[in-house]
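Asker: Just target_34.cif, nothing more (mmCIF, C-alpha atoms):
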data_my_file
loop_
_atom_site.label_atom_id
_atom_site.label_comp_id
_atom_site.auth_asym_id
_atom_site.auth_seq_id
_atom_site.Cartn_x
_atom_site.Cartn_y
_atom_site.Cartn_z
CA MET W 1 60.24 84.38 123.51
CA LYS W 2 62.59 87.36 123.27
CA PRO W 3 61.27 90.45 121.46
CA LEU W 4 63.80 90.38 118.59
CA GLN W 5 63.85 86.61 118.15
CA GLY W 6 64.00 85.78 114.45
CA LEU W 7 66.11 88.80 113.45
CA ARG W 8 69.59 88.15 112.09
CA ILE W 9 72.26 90.83 112.39
CA LEU W 10 75.72 90.74 110.83
CA ASP W 11 78.13 92.91 112.82
CA LEU W 12 81.46 93.82 111.21
CA SER W 13 82.31 96.39 113.87
CA SER W 14 85.03 96.15 116.50
CA VAL W 15 86.17 97.55 119.86
CA ILE W 16 83.16 98.94 121.85
CA PHE W 17 80.89 101.29 119.87
CA GLY W 18 79.50 98.74 117.43
CA PRO W 19 79.86 95.58 119.53
CA LEU W 20 77.98 97.10 122.46
CA ALA W 21 75.20 98.20 120.10
CA SER W 22 74.84 94.69 118.71
CA GLN W 23 75.07 93.20 122.21
CA ILE W 24 72.02 95.23 123.20
CA LEU W 25 70.18 93.76 120.21
CA ALA W 26 71.42 90.28 121.13
CA ASP W 27 70.13 90.81 124.67
CA TYR W 28 66.71 91.49 123.15
CA GLY W 29 66.81 88.24 121.22
CA ALA W 30 68.40 88.98 117.84
CA GLU W 31 70.83 86.46 116.39
CA VAL W 32 74.02 88.52 116.15
CA ILE W 33 76.82 87.14 113.99
CA LYS W 34 80.13 88.84 114.66
CA ILE W 35 82.29 88.93 111.53
CA GLU W 36 85.94 89.12 112.60
CA PRO W 37 89.31 89.20 110.86
CA PRO W 38 91.67 86.25 111.41
CA GLU W 39 93.32 87.98 114.37
CA GLY W 40 89.95 88.79 115.93
CA ASP W 41 88.55 91.92 117.52
CA SER W 42 91.32 93.80 119.35
CA THR W 43 89.36 93.67 122.59
CA ARG W 44 89.88 89.90 122.64
CA HIS W 45 93.38 90.75 123.87
CA THR W 46 92.60 93.71 126.16
CA GLY W 47 92.51 93.19 129.90
CA PRO W 48 92.83 90.17 132.18
CA SER W 49 92.13 86.77 130.68
CA LYS W 50 92.22 83.07 131.50
CA GLU W 51 92.34 82.15 127.80
CA ALA W 52 93.96 83.92 124.88
CA GLY W 53 91.33 85.67 122.82
CA MET W 54 88.77 85.84 125.62
CA ALA W 55 89.92 88.90 127.58
CA ALA W 56 87.77 90.98 129.91
CA MET W 57 87.06 93.85 127.50
CA PHE W 58 85.77 91.41 124.91
CA LEU W 59 83.49 89.71 127.44
CA GLY W 60 81.95 93.07 128.32
CA SER W 61 80.37 93.76 124.94
CA ASN W 62 80.08 90.48 123.03
CA ARG W 63 77.88 88.14 125.03
CA SER W 64 75.13 86.09 123.39
CA LYS W 65 76.67 86.34 119.89
CA LYS W 66 78.13 84.01 117.28
CA SER W 67 81.48 84.45 115.54
CA VAL W 68 82.54 83.94 111.93
CA ALA W 69 86.16 84.68 111.06
CA LEU W 70 86.88 85.84 107.51
CA ASP W 71 89.84 87.53 105.89
CA LEU W 72 87.90 90.08 103.85
CA LYS W 73 91.00 90.98 101.88
CA GLN W 74 90.40 87.69 100.03
CA ALA W 75 87.83 87.53 97.23
CA ASP W 76 86.41 84.18 98.36
CA ALA W 77 85.86 85.57 101.87
CA GLN W 78 84.03 88.54 100.41
CA GLU W 79 81.79 86.14 98.49
CA ALA W 80 81.15 84.20 101.69
CA LEU W 81 80.16 87.40 103.46
CA ILE W 82 77.70 88.29 100.70
CA ALA W 83 76.15 84.84 101.11
CA LEU W 84 75.62 85.66 104.78
CA VAL W 85 74.24 89.12 103.96
CA ALA W 86 71.58 87.42 101.85
CA THR W 87 70.29 85.76 105.05
CA ALA W 88 70.42 88.87 107.25
CA ASP W 89 68.02 91.61 108.29
CA VAL W 90 70.74 94.05 109.36
CA LEU W 91 74.34 94.66 108.33
CA MET W 92 76.28 96.96 110.63
CA HIS W 93 79.90 98.08 110.41
CA SER W 94 82.27 100.68 111.83
CA MET W 95 84.65 100.95 108.88
CA ARG W 96 85.58 104.23 107.31
CA PRO W 97 83.51 104.85 104.15
CA GLN W 98 86.55 104.84 101.86
CA LYS W 99 87.24 101.18 102.70
CA LEU W 100 83.81 99.82 101.88
CA ALA W 101 83.82 99.78 98.07
CA GLY W 102 87.02 97.74 97.93
CA LEU W 103 85.38 95.06 100.08
CA GLY W 104 82.21 94.96 98.00
CA LEU W 105 80.28 96.55 100.87
CA ALA W 106 79.33 99.93 99.45
CA PRO W 107 75.83 100.75 100.75
CA GLU W 108 74.34 101.55 97.36
CA THR W 109 75.54 98.21 95.98
CA LEU W 110 74.19 96.07 98.81
CA ARG W 111 70.91 97.95 99.14
CA GLN W 112 70.18 97.56 95.45
CA ARG W 113 70.87 93.85 95.69
CA PHE W 114 69.06 93.35 99.03
CA PRO W 115 66.27 95.95 99.19
CA ARG W 116 64.99 94.80 102.61
CA LEU W 117 68.39 95.09 104.26
CA VAL W 118 68.89 97.62 107.03
CA TYR W 119 72.41 98.87 106.41
CA ALA W 120 73.85 100.62 109.47
CA SER W 121 77.08 102.61 109.23
CA LEU W 122 78.57 103.41 112.62
CA VAL W 123 80.95 106.23 111.82
CA GLY W 124 82.86 109.01 113.51
CA PHE W 125 81.26 111.79 111.50
CA LEU W 126 78.52 112.35 108.96
CA PRO W 127 79.60 113.42 105.44
CA GLY W 128 81.28 116.79 105.78
CA PRO W 129 84.69 118.28 106.56
CA TYR W 130 85.49 115.58 109.13
CA ALA W 131 84.14 112.60 107.19
CA GLY W 132 86.44 109.62 107.18
CA LYS W 133 88.63 110.83 110.01
CA PRO W 134 89.40 108.24 112.69
CA ALA W 135 87.23 108.57 115.78
CA TYR W 136 88.07 107.12 119.16
CA ASP W 137 86.42 107.73 122.50
CA ASP W 138 89.05 110.18 123.78
CA VAL W 139 88.95 112.13 120.53
CA ILE W 140 85.16 112.41 120.55
CA GLN W 141 85.07 113.34 124.24
CA GLY W 142 87.43 116.19 123.40
CA MET W 143 85.64 117.33 120.24
CA SER W 144 82.12 117.15 121.66
CA GLY W 145 82.73 119.36 124.69
CA LEU W 146 83.03 116.74 127.43
CA ALA W 147 86.61 117.65 128.30
CA ASP W 148 85.58 121.33 128.40
CA LEU W 149 82.76 120.49 130.80
CA MET W 150 85.22 118.72 133.08
CA GLU W 151 87.47 121.79 133.07
CA ARG W 152 84.56 124.13 133.78
CA GLN W 153 83.60 122.10 136.80
CA GLY W 154 86.94 121.01 138.22
CA GLY W 155 89.43 123.48 136.78
CA GLU W 156 91.34 120.79 134.88
CA MET W 157 90.70 119.53 131.36
CA ARG W 158 90.03 115.79 131.67
CA TYR W 159 88.15 112.93 130.07
CA LEU W 160 85.39 111.18 131.96
CA PRO W 161 86.79 108.01 133.54
CA THR W 162 84.54 105.86 131.39
CA ILE W 163 84.35 105.32 127.63
CA ALA W 164 81.35 107.61 127.56
CA ALA W 165 81.29 108.34 123.82
CA ASP W 166 81.55 104.71 122.72
CA LYS W 167 78.88 103.53 125.15
CA THR W 168 76.44 106.40 124.64
CA CYS W 169 76.68 106.13 120.86
CA ALA W 170 76.19 102.36 121.08
CA HIS W 171 72.77 102.96 122.60
CA VAL W 172 71.99 105.55 119.91
CA ALA W 173 72.96 102.98 117.26
CA ALA W 174 70.79 100.25 118.79
CA HIS W 175 67.65 102.36 118.85
CA ALA W 176 68.34 103.80 115.37
CA ILE W 177 68.56 100.24 113.99
CA LEU W 178 65.32 99.33 115.74
CA ALA W 179 63.65 102.41 114.25
CA ALA W 180 64.79 101.38 110.76
CA LEU W 181 63.44 97.85 111.31
CA TRP W 182 60.07 99.26 112.35
CA GLN W 183 60.06 101.45 109.23
CA ARG W 184 60.73 98.31 107.17
CA GLU W 185 57.72 96.63 108.78
CA ARG W 186 55.53 99.44 107.46
CA THR W 187 57.10 99.97 104.04
CA GLY W 188 58.72 96.66 103.13
CA GLN W 189 61.94 98.52 102.34
CA GLY W 190 65.23 98.51 104.19
CA ALA W 191 67.15 101.66 105.05
CA PHE W 192 70.59 103.18 105.11
CA VAL W 193 71.21 104.39 108.67
CA GLU W 194 74.21 106.54 109.54
CA ILE W 195 75.08 106.74 113.25
CA PRO W 196 77.87 109.28 113.87
CA MET W 197 79.76 109.51 117.15
CA PHE W 198 80.50 113.24 116.91
CA GLU W 199 77.00 114.46 116.20
CA SER W 200 75.50 111.99 118.68
CA MET W 201 77.75 113.17 121.51
CA VAL W 202 77.30 116.87 120.72
CA GLY W 203 73.54 116.34 120.93
CA PHE W 204 73.97 114.34 124.14
CA ASN W 205 76.05 117.05 125.80
CA LEU W 206 73.80 119.92 124.74
CA VAL W 207 70.55 118.50 126.14
CA GLU W 208 71.08 120.66 129.21
CA HIS W 209 74.23 122.58 128.30
CA TYR W 210 72.86 124.42 125.24
CA TYR W 211 70.98 126.37 127.90
CA GLY W 212 70.54 130.05 126.95
CA GLN W 213 71.90 129.41 123.45
CA HIS W 214 68.43 128.16 122.44
CA PHE W 215 67.34 131.78 122.06
CA GLU W 216 68.18 134.58 119.65
CA PRO W 217 69.90 136.58 120.94
CA PRO W 218 71.33 134.09 123.46
CA LEU W 219 70.06 134.58 127.00
CA SER W 220 73.20 133.11 128.57
CA ALA W 221 76.44 131.34 127.81
CA PRO W 222 76.19 127.58 127.23
CA GLY W 223 76.40 125.38 130.32
CA TYR W 224 73.85 124.35 132.95
CA PRO W 225 75.11 125.90 136.20
CA ARG W 226 73.75 123.25 138.57
CA VAL W 227 75.81 120.42 137.14
CA LEU W 228 78.87 122.57 136.46
CA ALA W 229 79.23 123.74 140.07
CA PRO W 230 82.48 122.39 141.59
CA TRP W 231 80.51 121.42 144.71
CA ARG W 232 78.25 119.12 142.71
CA ARG W 233 79.65 115.88 144.08
CA PRO W 234 78.81 113.46 146.86
CA TYR W 235 78.50 115.34 150.15
CA ARG W 236 81.30 114.67 152.62
CA THR W 237 80.14 113.28 155.94
CA ALA W 238 81.94 112.71 159.23
CA ASP W 239 82.89 109.18 158.13
CA GLY W 240 82.60 109.12 154.35
CA ALA W 241 80.15 110.49 151.83
CA VAL W 242 76.49 110.47 150.89
CA ALA W 243 74.82 110.94 147.51
CA MET W 244 72.09 113.34 148.63
CA MET W 245 69.95 115.55 146.43
CA PRO W 246 67.55 118.04 147.93
CA TYR W 247 65.91 119.47 144.80
CA THR W 248 62.43 120.88 145.35
CA ASN W 249 61.51 123.90 147.49
CA LEU W 250 60.11 121.52 150.10
CA HIS W 251 63.29 119.44 150.15
CA TRP W 252 65.41 122.49 150.92
CA GLN W 253 62.96 123.83 153.51
CA ARG W 254 63.09 120.51 155.34
CA PHE W 255 66.87 120.26 155.07
CA PHE W 256 67.56 123.76 156.42
CA THR W 257 65.06 123.25 159.23
CA GLU W 258 66.77 119.97 160.14
CA VAL W 259 70.20 121.62 160.39
CA GLY W 260 68.87 124.51 162.48
CA ALA W 261 69.02 127.17 159.78
CA PRO W 262 65.39 127.58 158.57
CA GLU W 263 66.08 131.17 157.57
CA LEU W 264 68.23 129.93 154.66
CA ALA W 265 65.12 128.49 153.01
CA ARG W 266 63.77 132.05 152.88
CA ASP W 267 67.04 133.53 151.62
CA ALA W 268 66.42 135.23 148.26
CA ARG W 269 69.28 133.19 146.76
CA PHE W 270 67.63 129.88 147.59
CA VAL W 271 63.90 130.52 147.75
CA ASP W 272 62.98 128.82 144.45
CA ILE W 273 64.54 126.71 141.74
CA ALA W 274 65.41 129.65 139.47
CA SER W 275 67.22 131.42 142.30
CA ARG W 276 68.97 128.24 143.44
CA THR W 277 70.19 127.61 139.89
CA ARG W 278 71.77 131.07 139.75
CA HIS W 279 73.44 130.57 143.12
CA ILE W 280 74.00 126.83 143.01
CA ALA W 281 77.69 126.92 143.96
CA GLU W 282 76.96 128.88 147.14
CA LEU W 283 74.06 126.58 148.01
CA LEU W 284 76.01 123.36 147.60
CA GLU W 285 78.98 124.71 149.54
CA LEU W 286 76.69 125.69 152.41
CA ALA W 287 75.00 122.31 152.43
CA SER W 288 78.37 120.55 152.47
CA GLY W 289 79.31 122.42 155.63
CA PHE W 290 76.29 120.93 157.37
CA THR W 291 76.69 117.35 156.14
CA GLU W 292 80.28 117.10 157.42
CA ARG W 293 79.01 117.29 160.99
CA HIS W 294 77.33 113.88 161.00
CA THR W 295 77.89 110.34 159.73
CA THR W 296 76.65 108.85 156.51
CA ALA W 297 74.19 106.64 158.41
CA HIS W 298 72.79 109.73 160.14
CA TRP W 299 72.11 111.45 156.82
CA ILE W 300 70.60 108.36 155.22
CA ALA W 301 68.16 108.12 158.14
CA VAL W 302 67.41 111.84 158.09
CA CYS W 303 66.77 111.90 154.36
CA GLU W 304 64.49 108.89 154.58
CA ARG W 305 62.49 110.66 157.29
CA LEU W 306 62.38 113.93 155.34
CA GLU W 307 61.72 112.20 151.99
CA ILE W 308 64.84 113.69 150.43
CA PRO W 309 66.54 111.50 147.77
CA ALA W 310 69.75 110.04 149.19
CA ALA W 311 71.88 106.91 149.06
CA PRO W 312 75.29 105.67 150.18
CA VAL W 313 78.13 106.07 147.66
CA ALA W 314 79.00 102.62 146.31
CA LYS W 315 82.44 101.29 145.44
CA LEU W 316 82.66 99.40 142.15
CA GLN W 317 83.78 96.25 143.92
CA ASP W 318 80.72 96.36 146.18
CA LEU W 319 78.10 96.45 143.42
CA PRO W 320 77.77 92.64 143.09
CA LEU W 321 76.80 92.59 146.79
CA ASP W 322 74.28 95.44 146.56
CA PRO W 323 71.11 94.06 148.21
CA HIS W 324 68.83 95.37 145.49
CA LEU W 325 70.95 93.92 142.68
CA VAL W 326 71.14 90.63 144.56
CA ALA W 327 67.37 90.58 145.07
CA THR W 328 66.69 91.30 141.39
CA ASP W 329 69.29 88.73 140.20
CA PHE W 330 71.03 91.37 138.13
CA PHE W 331 74.42 89.70 137.98
CA GLU W 332 74.49 86.44 136.05
CA THR W 333 77.01 83.61 136.08
CA VAL W 334 77.61 81.49 132.99
CA ALA W 335 79.40 78.14 133.32
CA ASP W 336 82.02 77.69 130.60
CA PRO W 337 83.81 74.34 130.13
CA ALA W 338 87.20 76.02 129.70
CA LEU W 339 86.94 79.19 131.80
CA GLY W 340 84.76 77.92 134.63
CA ASP W 341 82.18 80.30 136.08
CA VAL W 342 82.19 83.67 134.31
CA ARG W 343 80.20 86.57 135.79
CA PHE W 344 78.38 89.26 133.84
CA PRO W 345 76.17 92.24 134.60
CA GLY W 346 72.81 91.05 133.35
CA VAL W 347 70.33 92.51 130.89
CA PRO W 348 68.95 95.57 132.71
CA VAL W 349 65.41 95.49 131.29
CA ARG W 350 62.69 92.88 131.71
CA PHE W 351 59.93 91.87 129.31
CA ASP W 352 56.74 90.52 130.85
CA GLY W 353 58.54 90.18 134.14
CA GLN W 354 61.44 88.17 132.71
CA ARG W 355 65.08 89.16 132.24
CA ALA W 356 66.57 87.61 129.12
CA ALA W 357 69.22 84.99 129.79
CA ILE W 358 72.68 85.51 128.32
CA THR W 359 75.24 83.15 126.82
CA MET W 360 79.04 83.22 126.66
CA PRO W 361 80.74 85.44 124.10
CA PRO W 362 81.97 83.29 121.21
CA ARG W 363 85.48 82.05 120.60
CA LEU W 364 86.93 83.52 117.43
CA GLY W 365 85.45 81.77 114.41
CA GLU W 366 83.48 79.37 116.58
CA HIS W 367 80.49 79.32 114.22
CA THR W 368 82.26 79.76 110.88
CA ARG W 369 81.60 76.30 109.47
CA GLU W 370 78.04 76.06 110.74
CA LEU W 371 76.86 79.44 109.47
CA LEU W 372 78.64 79.33 106.12
CA ALA W 373 77.11 75.91 105.48
CA GLN W 374 73.68 77.32 106.33
CA ALA W 375 74.35 80.15 103.85
CA GLY W 376 74.88 77.60 101.08
CA LEU W 377 78.66 77.33 100.82
CA GLY W 378 80.05 73.89 100.00
CA ALA W 379 82.43 71.98 102.19
CA ALA W 380 85.38 72.63 99.88
CA GLN W 381 84.74 76.38 99.89
CA ILE W 382 84.53 76.41 103.67
CA ASP W 383 87.68 74.32 104.01
CA ALA W 384 89.57 76.78 101.80
CA LEU W 385 88.41 79.74 103.91
CA VAL W 386 89.34 78.01 107.15
CA ASP W 387 92.72 76.92 105.78
CA THR W 388 93.49 80.50 104.73
CA ARG W 389 92.57 81.75 108.15
CA ALA W 390 94.69 79.07 109.79
CA ALA W 391 97.73 80.13 107.76
CA ILE W 392 97.21 83.76 108.75
CA ALA W 393 96.78 82.75 112.41
CA ARG W 394 100.04 80.80 112.29
CA TYR W 395 101.84 83.78 110.79
CA LEU W 396 100.45 86.13 113.43
CA ASN W 397 101.35 83.74 116.21
CA GLU W 398 104.91 83.28 114.99
CA THR W 399 105.47 86.95 114.24
CA PHE W 400 103.57 88.78 116.95
CA HIS W 401 102.88 86.04 119.52
CA ALA W 402 99.20 86.30 118.70
CA PRO W 403 96.69 83.63 119.78
CA THR W 404 97.21 80.16 118.38
CA GLU W 405 94.89 78.44 115.93
CA HIS W 406 93.24 76.60 118.80
CA THR W 407 92.43 79.76 120.72
CA LEU W 408 91.25 81.44 117.53
CA GLY W 409 88.46 78.88 117.46
CA LEU W 410 89.61 77.07 114.32
CA ARG W 411 88.16 73.70 113.56
CA PRO W 412 90.16 70.81 112.06
#
Written as structure tokens, that's how I'd like the structure from this file.

Answerer:
Amino acid sequence: MKPLQGLRILDLSSVIFGPLASQILADYGAEVIKIEPPEGDSTRHTGPSKEAGMAAMFLGSNRSKKSVALDLKQADAQEALIALVATADVLMHSMRPQKLAGLGLAPETLRQRFPRLVYASLVGFLPGPYAGKPAYDDVIQGMSGLADLMERQGGEMRYLPTIAADKTCAHVAAHAILAALWQRERTGQGAFVEIPMFESMVGFNLVEHYYGQHFEPPLSAPGYPRVLAPWRRPYRTADGAVAMMPYTNLHWQRFFTEVGAPELARDARFVDIASRTRHIAELLELASGFTERHTTAHWIAVCERLEIPAAPVAKLQDLPLDPHLVATDFFETVADPALGDVRFPGVPVRFDGQRAAITMPPRLGEHTRELLAQAGLGAAQIDALVDTRAAIARYLNETFHAPTEHTLGLRP
């Protein structure tokens, strides 16, 4: 039995921030119902695909969910959504606050009607000068200091080559929702949870980089020198690179003895962690000069003997063949009748020694009839909703070459 089995979550979010948060909850056993517009989440059409509406980006953050497609601009679709809300433990969305009232989704309205509901707003910013502004990963990386950190280290202002803000904030959202559910267990009352990208990423970046700014007056400029040093990167070797991290006094003593320079361990710049932090750029540059003399295999063997943390640097394409990931069955293959075998990174955590199994992400609207019937809608109401969606799908397909009704998951 999965830990969150029995919880029902309605997810109106799109792209990565919200969908990844709800995927984490689905991995832990919650029933996650993805509420999508007739054209579907935009990630359904982002990246390589064997089937329209089931592109790679969508597969990455929507496994183990169900899909209901509703055109929430229509009053009957809004009524259908409220019927689903009545069955749910959590409602989460990533819409700007100004749009909610017009859809009948204002938090005060729903919480008054459903007092046990956990209402989670995944937003760019908390109420304040920036409230309601659009927030995308690149924007938040820039605003939260990540691009500045990249410039401090490498001399060029850049974004991290990963959607760091979306993914980090997704994990914040998942644990905030779990905290609200635990509060409900104790009080019987739901909660209104606001998860902002900007504030979350500023807090994330300043864990180490607030540094001397903790004190009054400040004891240093912001920024943790060890991780900002340009030489903080995999060490070059004679035939590649090694991810090696001497850290403690003993690590560095052993390393400098190994390379024939034991006196450097007694150098005032490197004698303890405080001194090494102040002179980290010099230390890492020195160490790099030594590692370039030997192969990666040499340094892996040396570090194992000296008990210094080290590992080869992996290529993305090699990760599915990593012997540890193979041994722990991390990657999972799901057989799909239309797509064939589809591979996924698995659920990283285990409960009682078991990793939760995953299922295919849903086709758009795949569960619309089933779930609306469970929520108490009659066949005629459901037919009308599906017919409306079909008409919109046809229009999109004819006008923008969008997915057809079949690939949108419509049922006859």

Asker: How far is it from atom CA of W:Ala88 to atom CA of W:Arg350, in Å with one decimal?

Answerer: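 So the answer is 26.0 Å.
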
Asker: Can you list, as a PyMOL selection string, the residues that the PyMOL selection byres ((chain W and resi 35-47) around 7) selects here?

Answerer: chain W and resi 10-12+14-15+33-34+48-49+52-58+67-71+364+389+392-393

Asker: When the PyMOL selection byres ((chain W and resi 357) around 10) is applied to the file above, which residues end up in the set, as a list of chain:residue names?

Answerer: W:Lys2, W:Asp27, W:Tyr28, W:Gly29, W:Ser64, W:Glu332, W:Val334, W:Gly346, W:Val347, W:Gln354, W:Arg355, W:Ala356, W:Ile358, W:Thr359

Asker: For C-alpha atoms, I'd like the residues from the last selection saved as a CSV table (one decimal), in the coordinates of the input.

Answerer:
chain,number,residue,atom,x,y,z
W,2,LYS,CA,62.6,87.4,123.3
W,27,ASP,CA,70.1,90.8,124.7
W,28,TYR,CA,66.7,91.5,123.2
W,29,GLY,CA,66.8,88.2,121.2
W,64,SER,CA,75.1,86.1,123.4
W,332,GLU,CA,74.5,86.4,136.0
W,334,VAL,CA,77.6,81.5,133.0
W,346,GLY,CA,72.8,91.0,133.4
W,347,VAL,CA,70.3,92.5,130.9
W,354,GLN,CA,61.4,88.2,132.7
W,355,ARG,CA,65.1,89.2,132.2
W,356,ALA,CA,66.6,87.6,129.1
W,358,ILE,CA,72.7,85.5,128.3
W,359,THR,CA,75.2,83.2,126.8

Asker: Point out the residue among W:Ala83, W:Ser13, W:Gln74, W:Glu199 with the least atom-to-atom distance to W:Ala375, counting only C-alpha atoms.

Answerer: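 For W:Ala375, the nearest of the given residues is W:Ala83.
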
Asker: Can you spell out as a PDB file with C-alpha atoms, in the coordinates of the input the set of residues that the PyMOL selection byres ((chain W and resi 276-289) around 12) selects in the structure I just provided?

Answerer:
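And here is the file that came out, part_31.pdb:
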ATOM      1  CA  GLN W 153      83.600 122.100 136.800  1.00  0.00           C
ATOM      2  CA  SER W 220      73.200 133.110 128.570  1.00  0.00           C
ATOM      3  CA  GLY W 223      76.400 125.380 130.320  1.00  0.00           C
ATOM      4  CA  TYR W 224      73.850 124.350 132.950  1.00  0.00           C
ATOM      5  CA  PRO W 225      75.110 125.900 136.200  1.00  0.00           C
ATOM      6  CA  ARG W 226      73.750 123.250 138.570  1.00  0.00           C
ATOM      7  CA  VAL W 227      75.810 120.420 137.140  1.00  0.00           C
ATOM      8  CA  LEU W 228      78.870 122.570 136.460  1.00  0.00           C
ATOM      9  CA  ALA W 229      79.230 123.740 140.070  1.00  0.00           C
ATOM     10  CA  PRO W 230      82.480 122.390 141.590  1.00  0.00           C
ATOM     11  CA  TRP W 231      80.510 121.420 144.710  1.00  0.00           C
ATOM     12  CA  ARG W 232      78.250 119.120 142.710  1.00  0.00           C
ATOM     13  CA  ARG W 233      79.650 115.880 144.080  1.00  0.00           C
ATOM     14  CA  PRO W 234      78.810 113.460 146.860  1.00  0.00           C
ATOM     15  CA  TYR W 235      78.500 115.340 150.150  1.00  0.00           C
ATOM     16  CA  ARG W 236      81.300 114.670 152.620  1.00  0.00           C
ATOM     17  CA  THR W 237      80.140 113.280 155.940  1.00  0.00           C
ATOM     18  CA  ALA W 238      81.940 112.710 159.230  1.00  0.00           C
ATOM     19  CA  ALA W 241      80.150 110.490 151.830  1.00  0.00           C
ATOM     20  CA  VAL W 242      76.490 110.470 150.890  1.00  0.00           C
ATOM     21  CA  ALA W 243      74.820 110.940 147.510  1.00  0.00           C
ATOM     22  CA  MET W 244      72.090 113.340 148.630  1.00  0.00           C
ATOM     23  CA  MET W 245      69.950 115.550 146.430  1.00  0.00           C
ATOM     24  CA  PRO W 246      67.550 118.040 147.930  1.00  0.00           C
ATOM     25  CA  TYR W 247      65.910 119.470 144.800  1.00  0.00           C
ATOM     26  CA  THR W 248      62.430 120.880 145.350  1.00  0.00           C
ATOM     27  CA  ASN W 249      61.510 123.900 147.490  1.00  0.00           C
ATOM     28  CA  TRP W 252      65.410 122.490 150.920  1.00  0.00           C
ATOM     29  CA  PHE W 255      66.870 120.260 155.070  1.00  0.00           C
ATOM     30  CA  PHE W 256      67.560 123.760 156.420  1.00  0.00           C
ATOM     31  CA  GLU W 258      66.770 119.970 160.140  1.00  0.00           C
ATOM     32  CA  VAL W 259      70.200 121.620 160.390  1.00  0.00           C
ATOM     33  CA  GLY W 260      68.870 124.510 162.480  1.00  0.00           C
ATOM     34  CA  ALA W 261      69.020 127.170 159.780  1.00  0.00           C
ATOM     35  CA  LEU W 264      68.230 129.930 154.660  1.00  0.00           C
ATOM     36  CA  ALA W 265      65.120 128.490 153.010  1.00  0.00           C
ATOM     37  CA  ARG W 266      63.770 132.050 152.880  1.00  0.00           C
ATOM     38  CA  ASP W 267      67.040 133.530 151.620  1.00  0.00           C
ATOM     39  CA  ALA W 268      66.420 135.230 148.260  1.00  0.00           C
ATOM     40  CA  ARG W 269      69.280 133.190 146.760  1.00  0.00           C
ATOM     41  CA  PHE W 270      67.630 129.880 147.590  1.00  0.00           C
ATOM     42  CA  VAL W 271      63.900 130.520 147.750  1.00  0.00           C
ATOM     43  CA  ASP W 272      62.980 128.820 144.450  1.00  0.00           C
ATOM     44  CA  ILE W 273      64.540 126.710 141.740  1.00  0.00           C
ATOM     45  CA  ALA W 274      65.410 129.650 139.470  1.00  0.00           C
ATOM     46  CA  SER W 275      67.220 131.420 142.300  1.00  0.00           C
ATOM     47  CA  PHE W 290      76.290 120.930 157.370  1.00  0.00           C
ATOM     48  CA  THR W 291      76.690 117.350 156.140  1.00  0.00           C
ATOM     49  CA  GLU W 292      80.280 117.100 157.420  1.00  0.00           C
ATOM     50  CA  ARG W 293      79.010 117.290 160.990  1.00  0.00           C
ATOM     51  CA  HIS W 294      77.330 113.880 161.000  1.00  0.00           C
ATOM     52  CA  TRP W 299      72.110 111.450 156.820  1.00  0.00           C
TER      53      TRP W 299
END

Asker: For each of W:Leu20, W:Val123, W:Leu91, W:Met157, take the minimum atom-to-atom distance to W:Leu59, counting all atoms listed in the file, then give the residue where this is smallest.

Answerer: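 Nearest to W:Leu59: W:Leu20.
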
Asker: Which is closer to W:Val85 than all the others in W:Arg8, W:Leu103, W:Arg184, W:Gly18, using all atoms listed in the file?

Answerer: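 Between W:Arg8, W:Leu103, W:Arg184, W:Gly18, the residue approaching W:Val85 most closely is W:Arg8.
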
Asker: Quick one, how far is atom CA of W:Val172 from atom CA of W:Pro222?

Answerer: 23.6 Å

Asker: Just give me the gap between atom CA of W:Ala26 and atom CA of W:Pro345 in Å, one decimal is fine.

Answerer: 14.4 Å
